[in-house]
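Asks: Data: entry18.cif, mmCIF, C-alpha atoms.
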```cif
data_protein
#
loop_
_atom_site.group_PDB
_atom_site.id
_atom_site.type_symbol
_atom_site.label_atom_id
_atom_site.label_comp_id
_atom_site.auth_asym_id
_atom_site.auth_seq_id
_atom_site.Cartn_x
_atom_site.Cartn_y
_atom_site.Cartn_z
ATOM 1 C CA MET T 16 -19.664 -15.048 -30.285
ATOM 2 C CA SER T 17 -16.560 -14.136 -32.261
ATOM 3 C CA SER T 18 -15.039 -16.701 -34.545
ATOM 4 C CA PRO T 19 -11.630 -18.146 -33.684
ATOM 5 C CA VAL T 20 -8.570 -16.828 -35.476
ATOM 6 C CA ASN T 21 -7.608 -20.445 -36.218
ATOM 7 C CA SER T 22 -10.645 -22.708 -36.515
ATOM 8 C CA ASP T 23 -8.910 -26.143 -36.567
ATOM 9 C CA LYS T 24 -9.632 -26.685 -32.834
ATOM 10 C CA PRO T 25 -5.957 -26.231 -31.859
ATOM 11 C CA ALA T 26 -4.573 -25.998 -28.360
ATOM 12 C CA VAL T 27 -4.614 -22.199 -28.747
ATOM 13 C CA VAL T 28 -8.040 -20.855 -29.732
ATOM 14 C CA LEU T 29 -7.895 -17.091 -29.931
ATOM 15 C CA CYS T 30 -11.040 -15.027 -30.519
ATOM 16 C CA GLU T 31 -11.399 -11.369 -31.307
ATOM 17 C CA SER T 32 -12.691 -9.273 -28.429
ATOM 18 C CA ASP T 33 -16.276 -10.071 -27.480
ATOM 19 C CA PRO T 34 -18.311 -7.556 -25.437
ATOM 20 C CA ALA T 35 -20.208 -10.515 -23.931
ATOM 21 C CA TRP T 36 -17.100 -11.399 -21.908
ATOM 22 C CA VAL T 37 -17.788 -8.478 -19.565
ATOM 23 C CA GLN T 38 -21.324 -9.713 -18.860
ATOM 24 C CA THR T 39 -20.131 -13.303 -18.414
ATOM 25 C CA TYR T 40 -17.584 -12.061 -15.874
ATOM 26 C CA GLU T 41 -20.210 -9.994 -14.071
ATOM 27 C CA ASP T 42 -22.587 -12.976 -13.859
ATOM 28 C CA LEU T 43 -19.777 -15.161 -12.507
ATOM 29 C CA ARG T 44 -18.631 -12.439 -10.089
ATOM 30 C CA LEU T 45 -22.091 -12.123 -8.545
ATOM 31 C CA GLU T 46 -22.409 -15.890 -8.106
ATOM 32 C CA ILE T 47 -18.878 -16.295 -6.718
ATOM 33 C CA TRP T 48 -19.143 -13.274 -4.403
ATOM 34 C CA ARG T 49 -22.264 -14.782 -2.848
ATOM 35 C CA LEU T 50 -20.125 -17.802 -1.918
ATOM 36 C CA VAL T 51 -16.934 -16.084 -0.763
ATOM 37 C CA SER T 52 -17.891 -12.641 0.568
ATOM 38 C CA PRO T 53 -17.491 -13.660 4.221
ATOM 39 C CA PHE T 54 -13.802 -14.390 3.563
ATOM 40 C CA ALA T 55 -12.630 -12.475 0.470
ATOM 41 C CA THR T 56 -11.906 -8.781 0.067
ATOM 42 C CA ALA T 57 -12.356 -8.465 -3.716
ATOM 43 C CA ILE T 58 -12.920 -10.264 -6.994
ATOM 44 C CA GLU T 59 -10.976 -9.083 -10.051
ATOM 45 C CA HIS T 60 -11.532 -9.707 -13.764
ATOM 46 C CA VAL T 61 -8.018 -10.230 -15.126
ATOM 47 C CA GLY T 62 -6.446 -11.567 -18.298
ATOM 48 C CA SER T 63 -7.130 -10.539 -21.854
ATOM 49 C CA THR T 64 -10.930 -10.834 -21.614
ATOM 50 C CA SER T 65 -10.782 -7.944 -19.116
ATOM 51 C CA VAL T 66 -9.241 -5.520 -21.646
ATOM 52 C CA ALA T 67 -11.495 -4.000 -24.317
ATOM 53 C CA ASN T 68 -10.614 -4.792 -27.937
ATOM 54 C CA LEU T 69 -7.992 -7.374 -27.024
ATOM 55 C CA PRO T 70 -8.115 -10.850 -28.606
ATOM 56 C CA ALA T 71 -8.245 -13.653 -26.060
ATOM 57 C CA LYS T 72 -8.868 -17.304 -25.490
ATOM 58 C CA PRO T 73 -12.622 -17.383 -24.704
ATOM 59 C CA VAL T 74 -12.054 -18.180 -21.035
ATOM 60 C CA ILE T 75 -12.712 -15.621 -18.287
ATOM 61 C CA ASP T 76 -9.827 -15.213 -15.806
ATOM 62 C CA ILE T 77 -10.887 -14.295 -12.264
ATOM 63 C CA ASP T 78 -8.801 -13.636 -9.151
ATOM 64 C CA ILE T 79 -10.445 -13.783 -5.731
ATOM 65 C CA VAL T 80 -8.423 -11.685 -3.271
ATOM 66 C CA VAL T 81 -8.147 -12.932 0.313
ATOM 67 C CA PRO T 82 -6.314 -11.315 3.253
ATOM 68 C CA ASP T 83 -4.602 -14.391 4.732
ATOM 69 C CA ARG T 84 -4.211 -18.181 4.640
ATOM 70 C CA GLU T 85 -7.191 -18.759 6.925
ATOM 71 C CA ALA T 86 -9.441 -16.792 4.551
ATOM 72 C CA SER T 87 -7.901 -18.667 1.617
ATOM 73 C CA ASP T 88 -8.760 -22.024 3.183
ATOM 74 C CA ALA T 89 -12.325 -20.892 3.969
ATOM 75 C CA THR T 90 -12.770 -19.532 0.438
ATOM 76 C CA ILE T 91 -11.533 -22.778 -1.100
ATOM 77 C CA ALA T 92 -13.877 -24.790 1.130
ATOM 78 C CA ALA T 93 -16.874 -22.641 0.107
ATOM 79 C CA LEU T 94 -16.013 -23.036 -3.575
ATOM 80 C CA VAL T 95 -15.535 -26.810 -3.274
ATOM 81 C CA ALA T 96 -18.930 -27.069 -1.545
ATOM 82 C CA ALA T 97 -20.410 -25.257 -4.599
ATOM 83 C CA GLY T 98 -18.889 -27.731 -7.062
ATOM 84 C CA TYR T 99 -15.458 -26.290 -7.845
ATOM 85 C CA VAL T 100 -12.442 -28.600 -7.760
ATOM 86 C CA HIS T 101 -9.349 -27.403 -5.910
ATOM 87 C CA ARG T 102 -6.289 -27.980 -8.123
ATOM 88 C CA GLY T 103 -3.623 -26.644 -5.734
ATOM 89 C CA ASP T 104 -1.168 -23.850 -6.427
ATOM 90 C CA LEU T 105 0.123 -25.376 -9.691
ATOM 91 C CA GLY T 106 3.602 -24.174 -8.777
ATOM 92 C CA ILE T 107 2.621 -20.547 -8.163
ATOM 93 C CA PRO T 108 2.968 -19.566 -4.486
ATOM 94 C CA PHE T 109 0.021 -17.946 -2.707
ATOM 95 C CA ARG T 110 -2.351 -18.579 -5.657
ATOM 96 C CA GLU T 111 -4.728 -21.543 -5.495
ATOM 97 C CA SER T 112 -6.349 -22.751 -8.708
ATOM 98 C CA MET T 113 -9.985 -23.837 -8.876
ATOM 99 C CA GLN T 114 -11.607 -25.776 -11.748
ATOM 100 C CA GLU T 115 -15.106 -24.554 -12.560
ATOM 101 C CA PRO T 116 -18.144 -26.768 -11.996
ATOM 102 C CA GLU T 117 -19.482 -28.674 -14.977
ATOM 103 C CA GLY T 118 -21.976 -26.602 -16.951
ATOM 104 C CA SER T 119 -20.510 -23.305 -15.784
ATOM 105 C CA PRO T 120 -19.177 -20.769 -18.315
ATOM 106 C CA ARG T 121 -15.501 -21.447 -19.020
ATOM 107 C CA HIS T 122 -13.340 -19.594 -16.544
ATOM 108 C CA ASN T 123 -10.058 -19.843 -14.691
ATOM 109 C CA LEU T 124 -10.600 -19.060 -11.018
ATOM 110 C CA TYR T 125 -7.776 -18.336 -8.598
ATOM 111 C CA VAL T 126 -7.761 -17.626 -4.871
ATOM 112 C CA CYS T 127 -4.905 -15.156 -4.343
ATOM 113 C CA LEU T 128 -3.352 -13.893 -1.148
ATOM 114 C CA ASP T 129 -3.534 -10.090 -1.191
ATOM 115 C CA GLY T 130 -0.204 -8.657 -2.343
ATOM 116 C CA CYS T 131 1.158 -11.896 -3.804
ATOM 117 C CA LEU T 132 3.231 -11.768 -6.979
ATOM 118 C CA ALA T 133 0.666 -13.567 -9.163
ATOM 119 C CA LEU T 134 -2.110 -11.136 -8.196
ATOM 120 C CA ASN T 135 0.100 -8.062 -8.578
ATOM 121 C CA ASN T 136 1.294 -9.301 -11.981
ATOM 122 C CA HIS T 137 -2.304 -9.754 -13.173
ATOM 123 C CA LEU T 138 -3.548 -6.393 -11.886
ATOM 124 C CA VAL T 139 -0.620 -4.253 -13.021
ATOM 125 C CA PHE T 140 -0.518 -5.787 -16.508
ATOM 126 C CA ARG T 141 -4.319 -5.521 -16.909
ATOM 127 C CA ASP T 142 -4.407 -1.909 -15.743
ATOM 128 C CA HIS T 143 -1.462 -0.973 -17.955
ATOM 129 C CA LEU T 144 -3.148 -2.396 -21.060
ATOM 130 C CA ARG T 145 -6.447 -0.708 -20.190
ATOM 131 C CA GLN T 146 -4.666 2.657 -19.983
ATOM 132 C CA ASN T 147 -2.188 2.265 -22.871
ATOM 133 C CA SER T 148 -3.898 1.506 -26.173
ATOM 134 C CA VAL T 149 -0.617 1.372 -28.126
ATOM 135 C CA ASP T 150 0.750 -1.369 -25.870
ATOM 136 C CA ALA T 151 -2.627 -3.145 -25.896
ATOM 137 C CA MET T 152 -2.623 -3.139 -29.708
ATOM 138 C CA ALA T 153 0.968 -4.420 -29.810
ATOM 139 C CA TYR T 154 0.085 -7.170 -27.330
ATOM 140 C CA GLY T 155 -2.976 -8.143 -29.353
ATOM 141 C CA ASN T 156 -0.886 -8.371 -32.524
ATOM 142 C CA LEU T 157 1.709 -10.489 -30.705
ATOM 143 C CA LYS T 158 -1.010 -12.839 -29.435
ATOM 144 C CA ARG T 159 -2.465 -13.238 -32.941
ATOM 145 C CA ARG T 160 0.975 -14.031 -34.402
ATOM 146 C CA LEU T 161 1.802 -16.500 -31.629
ATOM 147 C CA ALA T 162 -1.594 -18.200 -31.959
ATOM 148 C CA GLN T 163 -0.853 -18.779 -35.661
ATOM 149 C CA GLU T 164 2.738 -19.937 -35.070
ATOM 150 C CA HIS T 165 1.982 -22.148 -32.066
ATOM 151 C CA ALA T 166 -1.606 -23.231 -32.681
ATOM 152 C CA ASP T 167 -0.929 -26.721 -31.311
ATOM 153 C CA ASP T 168 1.495 -25.732 -28.552
ATOM 154 C CA LEU T 169 -0.035 -23.783 -25.659
ATOM 155 C CA PRO T 170 3.212 -23.711 -23.619
ATOM 156 C CA ALA T 171 5.073 -22.133 -26.581
ATOM 157 C CA TYR T 172 2.264 -19.579 -26.964
ATOM 158 C CA VAL T 173 2.499 -18.641 -23.266
ATOM 159 C CA GLU T 174 6.295 -18.481 -23.364
ATOM 160 C CA GLY T 175 6.160 -16.318 -26.486
ATOM 161 C CA LYS T 176 4.164 -13.644 -24.626
ATOM 162 C CA THR T 177 6.477 -13.559 -21.633
ATOM 163 C CA ALA T 178 9.129 -11.101 -22.864
ATOM 164 C CA PHE T 179 6.416 -8.560 -23.693
ATOM 165 C CA ILE T 180 4.756 -8.985 -20.293
ATOM 166 C CA LEU T 181 8.079 -8.704 -18.445
ATOM 167 C CA GLU T 182 9.000 -5.554 -20.360
ATOM 168 C CA ILE T 183 5.736 -3.918 -19.257
ATOM 169 C CA LEU T 184 6.074 -5.107 -15.647
ATOM 170 C CA SER T 185 9.676 -3.868 -15.478
ATOM 171 C CA ARG T 186 8.293 -0.325 -15.776
ATOM 172 C CA TYR T 187 6.570 -0.785 -12.430
ATOM 173 C CA GLU T 188 7.759 -1.826 -8.977
ATOM 174 C CA PHE T 189 8.703 -5.410 -9.858
ATOM 175 C CA ASP T 190 12.260 -6.215 -8.818
ATOM 176 C CA GLN T 191 14.533 -8.564 -10.754
ATOM 177 C CA GLU T 192 13.706 -11.511 -8.501
ATOM 178 C CA ALA T 193 9.954 -11.058 -9.103
ATOM 179 C CA LEU T 194 10.487 -10.754 -12.863
ATOM 180 C CA HIS T 195 12.662 -13.887 -12.782
ATOM 181 C CA GLN T 196 9.913 -15.804 -10.937
ATOM 182 C CA ILE T 197 7.351 -14.771 -13.572
ATOM 183 C CA LEU T 198 9.755 -15.837 -16.320
ATOM 184 C CA GLN T 199 10.253 -19.259 -14.700
ATOM 185 C CA VAL T 200 6.501 -19.892 -14.383
ATOM 186 C CA ASN T 201 5.919 -19.023 -18.054
ATOM 187 C CA ARG T 202 8.716 -21.194 -19.464
ATOM 188 C CA ARG T 203 7.870 -24.307 -21.409
ATOM 189 C CA PRO T 204 8.283 -27.498 -19.400
ATOM 190 C CA ASP T 205 11.488 -29.363 -20.251
#
```
Could you spell out this file's structure in structure tokens?
Replies:
Amino acid sequence: MSSPVNSDKPAVVLCESDPAWVQTYEDLRLEIWRLVSPFATAIEHVGSTSVANLPAKPVIDIDIVVPDREASDATIAALVAAGYVHRGDLGIPFRESMQEPEGSPRHNLYVCLDGCLALNNHLVFRDHLRQNSVDAMAYGNLKRRLAQEHADDLPAYVEGKTAFILEILSRYEFDQEALHQILQVNRRPD
């Protein structure tokens, strides 16, 4: 496992890219798909651990894609029966957050309605970074700097990345309202 950029156990623990993240995702995907395949249409590895050579917090981000609310409810029920804890939408419409079972590899799991803003944001940004090494390198450098500057302040770290993310998303089919919604979600709480 890679060593953290800042090893003082801060709120923001950033590690250099670890090839094991792909295998951890794949192991989780197989286990989760077994639970949700009757209801879901896809499972996506998103976030920085899904982009090669990008530093990340050592937590796998996973989006389960469902076609409608009924499938979302059934997916959540299947996950809860397997030991996940449903945490609600956490203020992000059409995306339900699930806390992993104790003893499971660290991961953020979301049940996302197909086509919702949160899912589209994750997929477009991930795919852009996978295909644009210059932007991926710039994003990695930004993350390293922010992790140093805001080691004990996760909300400031998240907010610090937002302008970069919005600039990338503005190149795609995200209208001003969608970009504003993403900005609002990533702002530090007052």
Asks: May I have a table of the residues of stretch 86-160 of chain T lying at most 8 Å from stretch 33-52 of chain T, giving each one's closest pair of atoms and their distance in Å to one decimal, counting only C-alpha atoms, ordered by chain and ascending residue number, as a tab-separated table?
Replies:
```
residue	atom	partner	partner_atom	distance
T:Thr90	CA	T:Val51	CA	5.5
T:Ala93	CA	T:Leu50	CA	6.2
T:Leu94	CA	T:Leu50	CA	6.9
T:Ala97	CA	T:Leu50	CA	7.9
T:Pro120	CA	T:Thr39	CA	7.5
```
Asks: Which residue, T:Pro70, T:Gly98, T:Gly155, T:Gly130, has the smallest gap to T:Met113 when you use only C-alpha atoms?
Replies: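 Once distances to T:Met113 are computed over only C-alpha atoms, the minimum belongs to T:Gly98.
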Asks: Of the candidates T:Met152, T:Ala133, T:Ala166, T:Tyr125, which shows the shortest atom-to-atom distance to T:Gln196, using only C-alpha atoms?
Replies: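 Closest to T:Gln196 of all the choices is T:Ala133.
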Asks: Counting all atoms listed in the file, which residues come within 12 Å of (-1.9, -9.3, -13.5), with the point read in the file's coordinates, and could you list them as a PDB file with C-alpha atoms, keeping the file's coordinate frame?
Replies:
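Writing done, so here's selection_2.pdb:
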```
ATOM      1  CA  GLU T  59     -10.976  -9.083 -10.051  1.00  0.00           C
ATOM      2  CA  HIS T  60     -11.532  -9.707 -13.764  1.00  0.00           C
ATOM      3  CA  VAL T  61      -8.018 -10.230 -15.126  1.00  0.00           C
ATOM      4  CA  GLY T  62      -6.446 -11.567 -18.298  1.00  0.00           C
ATOM      5  CA  SER T  63      -7.130 -10.539 -21.854  1.00  0.00           C
ATOM      6  CA  SER T  65     -10.782  -7.944 -19.116  1.00  0.00           C
ATOM      7  CA  VAL T  66      -9.241  -5.520 -21.646  1.00  0.00           C
ATOM      8  CA  ASP T  76      -9.827 -15.213 -15.806  1.00  0.00           C
ATOM      9  CA  ILE T  77     -10.887 -14.295 -12.264  1.00  0.00           C
ATOM     10  CA  ASP T  78      -8.801 -13.636  -9.151  1.00  0.00           C
ATOM     11  CA  TYR T 125      -7.776 -18.336  -8.598  1.00  0.00           C
ATOM     12  CA  CYS T 127      -4.905 -15.156  -4.343  1.00  0.00           C
ATOM     13  CA  GLY T 130      -0.204  -8.657  -2.343  1.00  0.00           C
ATOM     14  CA  CYS T 131       1.158 -11.896  -3.804  1.00  0.00           C
ATOM     15  CA  LEU T 132       3.231 -11.768  -6.979  1.00  0.00           C
ATOM     16  CA  ALA T 133       0.666 -13.567  -9.163  1.00  0.00           C
ATOM     17  CA  LEU T 134      -2.110 -11.136  -8.196  1.00  0.00           C
ATOM     18  CA  ASN T 135       0.100  -8.062  -8.578  1.00  0.00           C
ATOM     19  CA  ASN T 136       1.294  -9.301 -11.981  1.00  0.00           C
ATOM     20  CA  HIS T 137      -2.304  -9.754 -13.173  1.00  0.00           C
ATOM     21  CA  LEU T 138      -3.548  -6.393 -11.886  1.00  0.00           C
ATOM     22  CA  VAL T 139      -0.620  -4.253 -13.021  1.00  0.00           C
ATOM     23  CA  PHE T 140      -0.518  -5.787 -16.508  1.00  0.00           C
ATOM     24  CA  ARG T 141      -4.319  -5.521 -16.909  1.00  0.00           C
ATOM     25  CA  ASP T 142      -4.407  -1.909 -15.743  1.00  0.00           C
ATOM     26  CA  HIS T 143      -1.462  -0.973 -17.955  1.00  0.00           C
ATOM     27  CA  LEU T 144      -3.148  -2.396 -21.060  1.00  0.00           C
ATOM     28  CA  ARG T 145      -6.447  -0.708 -20.190  1.00  0.00           C
ATOM     29  CA  ILE T 180       4.756  -8.985 -20.293  1.00  0.00           C
ATOM     30  CA  LEU T 181       8.079  -8.704 -18.445  1.00  0.00           C
ATOM     31  CA  ILE T 183       5.736  -3.918 -19.257  1.00  0.00           C
ATOM     32  CA  LEU T 184       6.074  -5.107 -15.647  1.00  0.00           C
ATOM     33  CA  PHE T 189       8.703  -5.410  -9.858  1.00  0.00           C
ATOM     34  CA  ILE T 197       7.351 -14.771 -13.572  1.00  0.00           C
TER      35      ILE T 197
END
```
Asks: Could you expand the PyMOL selection byres ((chain T and resi 71) around 8) into the explicit residues it covers here, written as a tab-separated table (two decimals) with C-alpha atoms, keeping the file's coordinate frame?
Replies:
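What landed in part31.tsv:
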```
chain	number	residue	atom	x	y	z
T	29	LEU	CA	-7.90	-17.09	-29.93
T	30	CYS	CA	-11.04	-15.03	-30.52
T	31	GLU	CA	-11.40	-11.37	-31.31
T	32	SER	CA	-12.69	-9.27	-28.43
T	63	SER	CA	-7.13	-10.54	-21.85
T	64	THR	CA	-10.93	-10.83	-21.61
T	69	LEU	CA	-7.99	-7.37	-27.02
T	70	PRO	CA	-8.12	-10.85	-28.61
T	72	LYS	CA	-8.87	-17.30	-25.49
T	73	PRO	CA	-12.62	-17.38	-24.70
T	74	VAL	CA	-12.05	-18.18	-21.04
```
Asks: Identify all residues satisfying the PyMOL selection byres ((chain T and resi 179) around 12) in the given file; provide them as a list of chain:residue names.
Replies: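 So the PyMOL selection byres ((chain T and resi 179) around 12) ends up selecting T:Phe140, T:Leu144, T:Asp150, T:Ala151, T:Ala153, T:Tyr154, T:Gly155, T:Asn156, T:Leu157, T:Lys158, T:Val173, T:Glu174, T:Gly175, T:Lys176, T:Thr177, T:Ala178, T:Ile180, T:Leu181, T:Glu182, T:Ile183, T:Leu184, T:Ser185, T:Arg186, T:Leu194, T:Ile197, T:Leu198, T:Asn201.
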Asks: Just to confirm, what's the straight-line distance from atom CA of T:Ala86 to atom CA of T:Gly106 in Å (one decimal)?
Replies: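 Separating atom CA of T:Ala86 from atom CA of T:Gly106 is a distance of 20.1 Å.
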Asks: Considering all atoms listed in the file, state which residue in the set T:Phe109, T:Tyr172, T:Phe54, T:Tyr187 is at the smallest distance from T:Ala89.
Replies: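 Under the stated criterion, the closest residue is T:Phe54.
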Asks: Between atom CA of T:Pro53 and atom CA of T:Ile79, what is the spacing in Å?
Replies: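 A separation of 12.2 Å between them.
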Asks: For the structure provided, state which residues fall under the PyMOL selection byres ((chain T and resi 83) around 10), and present them as number ranges by chain.
Replies: T: 54-55, 80-82, 84-88, 109, 127-129
Asks: Tell me, in Å to one decimal, how far atom CA of T:Ala171 is from atom CA of T:Gln146.
Replies: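 About the pair atom CA of T:Ala171 and atom CA of T:Gln146: they are 27.4 Å apart.
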Asks: Find, counting all atoms listed in the file, the residue in T:Ala162, T:Ala26, T:Ile75, T:Ala67 that gets nearest to T:Arg121.
Replies: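 Result for the nearest residue to T:Arg121: T:Ile75.
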Asks: Can you tell me, as JSON, the centre and edge lengths (Å, one decimal) of the axis-aligned box enclosing all of stretch 99-117 of chain T's listed atoms after padding each side by 5 Å?
Replies:
```
{"center_x": -7.9, "center_y": -23.3, "center_z": -8.8, "size_x": 33.1, "size_y": 20.7, "size_z": 22.3}
```
Asks: Take stretch 69-98 of chain T, model N, CA and C atoms, and hand the result over as a compact mmCIF listing (two decimals), in the frame of the given file.
Replies:
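Everything below was put into rebuild.txt:
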```
# COMPACT_ATOMS: atom_id res chain seq x y z
N LEU T 69 -9.16 -6.51 -27.02
CA LEU T 69 -7.99 -7.37 -27.02
C LEU T 69 -8.42 -8.80 -27.36
N PRO T 70 -7.77 -9.45 -28.34
CA PRO T 70 -8.12 -10.85 -28.61
C PRO T 70 -7.75 -11.71 -27.40
N ALA T 71 -8.48 -12.81 -27.23
CA ALA T 71 -8.24 -13.65 -26.06
C ALA T 71 -8.75 -15.06 -26.33
N LYS T 72 -8.23 -16.00 -25.55
CA LYS T 72 -8.87 -17.30 -25.49
C LYS T 72 -10.23 -17.06 -24.81
N PRO T 73 -11.30 -17.68 -25.25
CA PRO T 73 -12.62 -17.38 -24.70
C PRO T 73 -12.86 -18.03 -23.34
N VAL T 74 -11.99 -17.68 -22.41
CA VAL T 74 -12.05 -18.18 -21.04
C VAL T 74 -11.86 -16.98 -20.12
N ILE T 75 -12.77 -16.76 -19.20
CA ILE T 75 -12.71 -15.62 -18.29
C ILE T 75 -11.73 -15.95 -17.16
N ASP T 76 -10.78 -15.05 -16.91
CA ASP T 76 -9.83 -15.21 -15.81
C ASP T 76 -10.30 -14.35 -14.63
N ILE T 77 -10.38 -14.98 -13.46
CA ILE T 77 -10.89 -14.30 -12.26
C ILE T 77 -9.96 -14.58 -11.09
N ASP T 78 -9.58 -13.52 -10.39
CA ASP T 78 -8.80 -13.64 -9.15
C ASP T 78 -9.68 -13.23 -7.98
N ILE T 79 -9.79 -14.11 -7.00
CA ILE T 79 -10.44 -13.78 -5.73
C ILE T 79 -9.33 -13.36 -4.79
N VAL T 80 -9.45 -12.21 -4.17
CA VAL T 80 -8.42 -11.68 -3.27
C VAL T 80 -8.83 -11.98 -1.83
N VAL T 81 -7.90 -12.61 -1.10
CA VAL T 81 -8.15 -12.93 0.31
C VAL T 81 -7.03 -12.33 1.16
N PRO T 82 -7.32 -11.99 2.43
CA PRO T 82 -6.31 -11.32 3.25
C PRO T 82 -5.25 -12.22 3.87
N ASP T 83 -5.56 -13.51 4.05
CA ASP T 83 -4.60 -14.39 4.73
C ASP T 83 -4.91 -15.85 4.40
N ARG T 84 -4.06 -16.74 4.92
CA ARG T 84 -4.21 -18.18 4.64
C ARG T 84 -5.53 -18.74 5.18
N GLU T 85 -5.93 -18.28 6.34
CA GLU T 85 -7.19 -18.76 6.92
C GLU T 85 -8.36 -18.41 6.00
N ALA T 86 -8.39 -17.21 5.48
CA ALA T 86 -9.44 -16.79 4.55
C ALA T 86 -9.33 -17.57 3.24
N SER T 87 -8.10 -17.87 2.83
CA SER T 87 -7.90 -18.67 1.62
C SER T 87 -8.51 -20.05 1.80
N ASP T 88 -8.22 -20.69 2.92
CA ASP T 88 -8.76 -22.02 3.18
C ASP T 88 -10.29 -22.01 3.23
N ALA T 89 -10.86 -20.99 3.87
CA ALA T 89 -12.32 -20.89 3.97
C ALA T 89 -12.94 -20.64 2.60
N THR T 90 -12.29 -19.83 1.79
CA THR T 90 -12.77 -19.53 0.44
C THR T 90 -12.75 -20.80 -0.42
N ILE T 91 -11.65 -21.52 -0.35
CA ILE T 91 -11.53 -22.78 -1.10
C ILE T 91 -12.63 -23.75 -0.67
N ALA T 92 -12.85 -23.88 0.62
CA ALA T 92 -13.88 -24.79 1.13
C ALA T 92 -15.27 -24.40 0.62
N ALA T 93 -15.57 -23.11 0.60
CA ALA T 93 -16.87 -22.64 0.11
C ALA T 93 -17.03 -22.94 -1.38
N LEU T 94 -15.96 -22.77 -2.14
CA LEU T 94 -16.01 -23.04 -3.58
C LEU T 94 -16.16 -24.53 -3.85
N VAL T 95 -15.43 -25.35 -3.11
CA VAL T 95 -15.54 -26.81 -3.27
C VAL T 95 -16.96 -27.27 -2.96
N ALA T 96 -17.56 -26.71 -1.91
CA ALA T 96 -18.93 -27.07 -1.54
C ALA T 96 -19.91 -26.70 -2.66
N ALA T 97 -19.55 -25.70 -3.49
CA ALA T 97 -20.41 -25.26 -4.60
C ALA T 97 -20.10 -25.98 -5.91
N GLY T 98 -19.16 -26.94 -5.87
CA GLY T 98 -18.89 -27.73 -7.06
C GLY T 98 -17.57 -27.47 -7.75
```
